[in-house]
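Quick notes on the structure that follows.
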Amino acid sequence: MLHFRYKYCLQSCMLWCLLPLLLILAACAPPTLFPRSSSGPSILRDTGSVSKNEPRQSGIPLGSLFNIYEGHTSMVFGVAWSPDGTRIASASLDGTVQVWDANTGKHVLIYRGHTLQVFAVAWSPDGTRIASGGYDHTVQVWDAKTGKNIRVYRGHTALISTVAWSPDSTRIASGGDDGTVQIWDAASGKTLLTYQDHPNDVTAAEWSPDGKRIATASDNATVRVWDVASGQTLVTYKHHTGGVWGVAWSPDGTRIASASGDHTVQVWNARTGDHLLTYRGHNSYVHAVAWSPDGKYVASGGFDPGVQVWDPRTGNLVMVYRGHSDVVVALAWSAQGSRIASTSFDKTVQVWEAE
C-alpha cells in the first residue's frame, strides 16, 4: 500500500505538472467556463473559526528566521528538540537521523542505523536517548551523544510513521501502516501492549502529560484516546472529514488539537470528545500540529507551506512563518517556548523565533 505521505506528495507533483496546461485552457476558454465572482473573495467565518483569508491580512506578525539546517539530501519528515533546547534531531527520507546544534546550526552527529527512509524521531524526556522509526519496520533507540545503537525493536509488520516516549522515559509508543500502536519497554524491547482499534494506518501518536493515556490518529479521519494500562478506548473523535495526520495534547492534558486533510485543525475535550473549536486558517491539507509549552498557542502547518501560530481559545491568528518553499511536515516547540523547528519537503529544518 502506498504510504499516505507519498500518495499526497505525488498528487501535489501531478498538479504542478498540469498547471501550465490548465492556465492555457483558462486563457483560451470562453468566460462562461471559468465564471468570476463580481463580489470579490468571500470570507468564511463561524464561531471559533478563522477565515482562510486572515493570514494574508496586514498587521499579522511574521516569524523571524533564526537558523536553517540543510544537511539532508531528501525530504525531512520528523523533528525533535532535546529537553534542554540545545540540540535538534531530524529524520529524513535520505535514511538518516541528524543531530545538530540548535543555536549555531553546526552538525553534531549522523545516525545511519536504518536501512530505508526514516519518518519519525523522538527525544527521550531525560535527554539521554533518541528513538527513530521508518520504512524498514523498525524502531531504533540510540545514545543521543554518541549515536551508538542501544536497541532495535521489530514488532511492526509495515513502515513506522510515529514514535513517542512516555513522560518518564521508560516506554515508547510506535505506530504505522500495520494499523497498530505498540507500547514497549525502552530498556528491554519487550512488548507491553498492542493497540489495534484503528482500522487504517496509524499516522500520529502522543502521550498525555500524565502518561496515563495516548492519543492516536488515523487516515480514516478519526482520533482515539485510550488507556495505556488496559488498552481500552476511552474517546473516539469523529468530527474530521479527512485523514488525521497530527495530534497534540495541551500541557494541562484537558484538550487535544488534531490536524487533518480536511484543511482544518480542531480542538476538543480530551475526556469527552466534545468539539470546542475549528481553526480554518489553512487552505490545504494540514499535516502538523504542536502545542506551545505554556498552553497559550498552537502551531500548525501543511501543504500551504506557511506555518501558522494561533490562539486555541479563540482561533485568532497570532503569527505566520513563511520560510519554507514546500510542504511543512513536522513541527516542534522548544521546551522554553521561544522557538519552533519545522521540517519540509524542501529538505530543510528551519528554526524560527515564535515570540
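Chain identifiers are assigned as A, B, and so on, following the order in which chains appear in the C-alpha cells; residues are numbered from 1 within each chain, and ligands are numbered from 1 in order of appearance.
Within 9 Å of Gly301 (chain A), once only C-alpha atoms are used and residues closer than 6 positions along the same chain are dropped, the contacting residues are A:Ala259, A:His282, A:Tyr285, A:Val286, A:His287, A:Ala288, A:Val289, A:Val307, A:Gln308, A:Val327, A:Val328, A:Val329, A:Ala330, A:Leu331, A:Ser342.
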Write the residues you've just listed into a file as a short mmCIF file (atom, residue, chain, number, x, y, z; two decimals), in the first residue's frame, and include C-alpha atoms for each of them.
data_model
loop_
_atom_site.label_atom_id
_atom_site.label_comp_id
_atom_site.auth_asym_id
_atom_site.auth_seq_id
_atom_site.Cartn_x
_atom_site.Cartn_y
_atom_site.Cartn_z
CA ALA A 259 -4.62 18.29 12.13
CA HIS A 282 -5.12 26.81 6.10
CA TYR A 285 -4.09 19.66 3.88
CA VAL A 286 -2.84 20.28 7.42
CA HIS A 287 -0.08 17.84 8.28
CA ALA A 288 1.44 19.01 11.57
CA VAL A 289 0.27 20.50 14.85
CA VAL A 307 3.34 27.80 9.48
CA GLN A 308 0.58 29.48 11.44
CA VAL A 327 5.08 21.22 2.24
CA VAL A 328 5.60 21.54 6.01
CA VAL A 329 5.63 18.05 7.51
CA ALA A 330 6.51 18.34 11.21
CA LEU A 331 6.68 20.97 13.96
CA SER A 342 9.76 22.99 11.26
#
| said: If you run DSSP on the backbone here, which positions in region 244-311 of chain A get strand (DSSP E or B)? Please write them as a VMD selection string. | reply: chain A and resid 244 to 249 255 to 260 265 to 269 275 to 279 286 to 291 298 to 302 307 to 310
I need the residues from that last selection saved to file as an mmCIF file, in the first residue's frame (with N, CA and C atoms), if you can.
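The result, stored in out.cif:
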data_model
loop_
_atom_site.group_PDB
_atom_site.id
_atom_site.type_symbol
_atom_site.label_atom_id
_atom_site.label_comp_id
_atom_site.auth_asym_id
_atom_site.auth_seq_id
_atom_site.Cartn_x
_atom_site.Cartn_y
_atom_site.Cartn_z
ATOM 1 N N VAL A 244 -6.535 12.199 9.488
ATOM 2 C CA VAL A 244 -5.904 12.995 10.539
ATOM 3 C C VAL A 244 -4.430 12.608 10.608
ATOM 4 N N TRP A 245 -3.562 13.617 10.525
ATOM 5 C CA TRP A 245 -2.121 13.368 10.417
ATOM 6 C C TRP A 245 -1.314 13.872 11.600
ATOM 7 N N GLY A 246 -1.929 14.656 12.475
ATOM 8 C CA GLY A 246 -1.185 15.155 13.616
ATOM 9 C C GLY A 246 -2.068 15.312 14.827
ATOM 10 N N VAL A 247 -1.532 15.050 16.015
ATOM 11 C CA VAL A 247 -2.251 15.270 17.270
ATOM 12 C C VAL A 247 -1.306 15.920 18.270
ATOM 13 N N ALA A 248 -1.869 16.753 19.145
ATOM 14 C CA ALA A 248 -1.073 17.400 20.189
ATOM 15 C C ALA A 248 -1.942 17.626 21.412
ATOM 16 N N TRP A 249 -1.428 17.230 22.578
ATOM 17 C CA TRP A 249 -2.112 17.476 23.846
ATOM 18 C C TRP A 249 -1.794 18.876 24.344
ATOM 19 N N ARG A 255 -7.181 19.200 26.693
ATOM 20 C CA ARG A 255 -7.608 19.367 25.309
ATOM 21 C C ARG A 255 -6.627 18.693 24.346
ATOM 22 N N ILE A 256 -7.130 18.395 23.165
ATOM 23 C CA ILE A 256 -6.299 17.852 22.088
ATOM 24 C C ILE A 256 -6.552 18.666 20.831
ATOM 25 N N ALA A 257 -5.492 18.958 20.110
ATOM 26 C CA ALA A 257 -5.601 19.569 18.785
ATOM 27 C C ALA A 257 -5.239 18.515 17.750
ATOM 28 N N SER A 258 -6.050 18.416 16.692
ATOM 29 C CA SER A 258 -5.799 17.417 15.657
ATOM 30 C C SER A 258 -5.799 18.079 14.286
ATOM 31 N N ALA A 259 -4.828 17.697 13.447
ATOM 32 C CA ALA A 259 -4.624 18.293 12.125
ATOM 33 C C ALA A 259 -5.044 17.312 11.050
ATOM 34 N N SER A 260 -5.741 17.817 10.027
ATOM 35 C CA SER A 260 -6.393 16.902 9.088
ATOM 36 C C SER A 260 -6.263 17.320 7.633
ATOM 37 N N VAL A 265 -7.672 22.411 11.636
ATOM 38 C CA VAL A 265 -7.203 21.897 12.919
ATOM 39 C C VAL A 265 -8.375 22.042 13.878
ATOM 40 N N GLN A 266 -8.672 20.994 14.604
ATOM 41 C CA GLN A 266 -9.795 21.050 15.535
ATOM 42 C C GLN A 266 -9.298 20.844 16.966
ATOM 43 N N VAL A 267 -9.901 21.579 17.868
ATOM 44 C CA VAL A 267 -9.564 21.485 19.286
ATOM 45 C C VAL A 267 -10.758 20.896 20.013
ATOM 46 N N TRP A 268 -10.519 19.926 20.876
ATOM 47 C CA TRP A 268 -11.624 19.228 21.514
ATOM 48 C C TRP A 268 -11.250 18.743 22.912
ATOM 49 N N ASN A 269 -12.286 18.429 23.683
ATOM 50 C CA ASN A 269 -12.119 17.982 25.054
ATOM 51 C C ASN A 269 -11.536 16.569 25.078
ATOM 52 N N HIS A 275 -16.415 18.715 20.741
ATOM 53 C CA HIS A 275 -15.745 19.673 19.880
ATOM 54 C C HIS A 275 -15.757 21.059 20.516
ATOM 55 N N LEU A 276 -14.608 21.754 20.510
ATOM 56 C CA LEU A 276 -14.501 23.076 21.119
ATOM 57 C C LEU A 276 -14.277 24.181 20.095
ATOM 58 N N LEU A 277 -13.484 23.915 19.056
ATOM 59 C CA LEU A 277 -13.107 24.961 18.115
ATOM 60 C C LEU A 277 -12.583 24.337 16.819
ATOM 61 N N THR A 278 -12.874 25.001 15.708
ATOM 62 C CA THR A 278 -12.292 24.612 14.420
ATOM 63 C C THR A 278 -11.480 25.783 13.874
ATOM 64 N N TYR A 279 -10.213 25.523 13.606
ATOM 65 C CA TYR A 279 -9.347 26.553 13.026
ATOM 66 C C TYR A 279 -9.257 26.329 11.520
ATOM 67 N N VAL A 286 -3.628 19.910 6.253
ATOM 68 C CA VAL A 286 -2.835 20.281 7.422
ATOM 69 C C VAL A 286 -2.158 19.015 7.941
ATOM 70 N N HIS A 287 -0.847 19.054 8.005
ATOM 71 C CA HIS A 287 -0.079 17.840 8.281
ATOM 72 C C HIS A 287 0.489 17.797 9.695
ATOM 73 N N ALA A 288 0.735 18.979 10.293
ATOM 74 C CA ALA A 288 1.441 19.013 11.565
ATOM 75 C C ALA A 288 0.772 19.977 12.532
ATOM 76 N N VAL A 289 0.831 19.626 13.814
ATOM 77 C CA VAL A 289 0.272 20.499 14.849
ATOM 78 C C VAL A 289 1.109 20.323 16.115
ATOM 79 N N ALA A 290 1.335 21.433 16.821
ATOM 80 C CA ALA A 290 2.123 21.373 18.056
ATOM 81 C C ALA A 290 1.632 22.446 19.014
ATOM 82 N N TRP A 291 1.504 22.067 20.284
ATOM 83 C CA TRP A 291 1.019 22.984 21.310
ATOM 84 C C TRP A 291 2.211 23.607 22.035
ATOM 85 N N VAL A 298 -1.063 27.366 19.544
ATOM 86 C CA VAL A 298 -0.913 26.155 18.741
ATOM 87 C C VAL A 298 -0.262 26.558 17.424
ATOM 88 N N ALA A 299 0.699 25.768 16.965
ATOM 89 C CA ALA A 299 1.311 25.972 15.657
ATOM 90 C C ALA A 299 0.847 24.859 14.731
ATOM 91 N N SER A 300 0.568 25.194 13.474
ATOM 92 C CA SER A 300 0.125 24.186 12.513
ATOM 93 C C SER A 300 0.696 24.494 11.137
ATOM 94 N N GLY A 301 0.914 23.435 10.364
ATOM 95 C CA GLY A 301 1.477 23.597 9.025
ATOM 96 C C GLY A 301 1.102 22.449 8.132
ATOM 97 N N GLY A 302 1.243 22.650 6.824
ATOM 98 C CA GLY A 302 0.898 21.594 5.884
ATOM 99 C C GLY A 302 1.263 21.940 4.461
ATOM 100 N N VAL A 307 3.719 28.315 8.163
ATOM 101 C CA VAL A 307 3.344 27.801 9.479
ATOM 102 C C VAL A 307 2.559 28.882 10.191
ATOM 103 N N GLN A 308 1.440 28.505 10.784
ATOM 104 C CA GLN A 308 0.578 29.477 11.442
ATOM 105 C C GLN A 308 0.535 29.211 12.941
ATOM 106 N N VAL A 309 0.636 30.284 13.708
ATOM 107 C CA VAL A 309 0.544 30.207 15.163
ATOM 108 C C VAL A 309 -0.726 30.935 15.579
ATOM 109 N N TRP A 310 -1.546 30.283 16.387
ATOM 110 C CA TRP A 310 -2.856 30.841 16.725
ATOM 111 C C TRP A 310 -3.266 30.494 18.148
#
| field | Nearest residue to Ala354 (chain A) from the set A:Ala221, A:Ser64, A:Val228, A:Ser166 (distances using only C-alpha atoms) | value |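 Comparing A:Ala221, A:Ser64, A:Val228, A:Ser166 against Ala354 (chain A), the winner is A:Ser64.
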| Distance of CA of Thr241 (chain A) from CA of Gly261 (chain A), expressed in Å to one decimal place |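 It comes out at 7.8 Å.
If only C-alpha atoms are the atoms counted, then among A:Val349, A:Ala205, A:Ala270, A:Ala173 the closest residue to Gln98 (chain A) is A:Val349.
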Just list the residues in region 17-232 of chain A DSSP gives helix (DSSP H, G or I) on the backbone, as a PDB file with C-alpha atoms, in the first residue's frame.
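Okay, this is what ended up in states08.pdb:
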ATOM      1  CA  CYS A  17       2.863  19.367 -13.798  1.00  0.00           C
ATOM      2  CA  LEU A  18      -0.673  20.025 -15.049  1.00  0.00           C
ATOM      3  CA  LEU A  19      -0.718  23.675 -14.014  1.00  0.00           C
ATOM      4  CA  PRO A  20       0.675  25.114 -17.297  1.00  0.00           C
ATOM      5  CA  LEU A  21      -1.971  23.208 -19.291  1.00  0.00           C
ATOM      6  CA  LEU A  22      -4.756  24.443 -17.012  1.00  0.00           C
ATOM      7  CA  LEU A  23      -3.577  28.033 -17.386  1.00  0.00           C
ATOM      8  CA  ILE A  24      -3.610  27.744 -21.181  1.00  0.00           C
ATOM      9  CA  LEU A  25      -7.122  26.282 -21.123  1.00  0.00           C
ATOM     10  CA  ALA A  26      -8.315  29.037 -18.821  1.00  0.00           C
ATOM     11  CA  ALA A  27      -6.897  31.729 -21.109  1.00  0.00           C
ATOM     12  CA  CYS A  28      -8.465  30.282 -24.258  1.00  0.00           C
ATOM     13  CA  PRO A  31     -15.687  33.294 -19.906  1.00  0.00           C
ATOM     14  CA  THR A  32     -18.683  31.121 -19.038  1.00  0.00           C
ATOM     15  CA  LEU A  33     -16.418  28.126 -18.420  1.00  0.00           C
ATOM     16  CA  GLU A  54      -6.795  36.163   7.514  1.00  0.00           C
ATOM     17  CA  PRO A  55      -3.131  35.014   7.095  1.00  0.00           C
ATOM     18  CA  ARG A  56      -2.921  37.443   4.161  1.00  0.00           C
TER      19      ARG A  56
END
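A straight line drawn from CA of Asp311 (chain A) to CA of Tyr69 (chain A) is 28.1 Å long.
Using only C-alpha atoms, the protein and nucleic acid residues lying no more than 7 Å from region 193-202 of chain A, apart from those fewer than 6 places from it along its own chain, are A:Gly175, A:Gly176, A:Asp177, A:Asp178, A:Gly179, A:Thr180, A:Val181, A:Gln182, A:Ile183, A:Trp184, A:Ala217, A:Ser218, A:Asp219, A:Asn220, A:Gly231.
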| query | How many Å lie between CA of Thr348 (chain A) and CA of Pro305 (chain A), rounded to one decimal? | reply |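 Those two atoms sit 12.5 Å apart.
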| task | Fewer than 5 positions away in the same chain doesn't count, so skip those; otherwise give me all residues within 6 Å of Arg129 (chain A), counting only C-alpha atoms, as a ChimeraX atom specification. | result | /A:124,142-144
| said: When you look at Pro293 (chain A) with a cut-off of 10 Å (counting only C-alpha atoms), what residues show up, excluding the ones that are within fewer than 4 positions of it in the same chain? I need them as a PyMOL selection string. | reply: chain A and resi 250-252+297-298+333-338
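Distance annotation: of A:Asp304, A:Asp274, A:Glu353, A:Asp346, the residue with the minimal separation from Thr73 (chain A) is A:Asp346; atom set is only C-alpha atoms.
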| Residue nearest Tyr321 (chain A) - candidates A:Gly295, A:Pro61, A:Gly253, A:Gly211, atoms counted: only C-alpha atoms |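 For Tyr321 (chain A), the nearest of the candidates is A:Pro61.
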| query | Neighbours of Tyr111 (chain A) within 10 Å (only C-alpha atoms; same-chain residues fewer than 3 positions away dropped), as a PyMOL selection string? | reply | chain A and resi 89+91+95-99+114+132+142-144+146-149
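For the set A:Asn316, A:Ser188, A:Thr264, A:Ser74, the residue with the smallest atom-to-atom gap to Asn283 (chain A) is A:Thr264, counting only C-alpha atoms.
Each of A:Ile60, A:Phe303, A:Pro125, A:Lys145 was checked against Trp100 (chain A) using only C-alpha atoms; the smallest atom-to-atom distance is that of A:Lys145.
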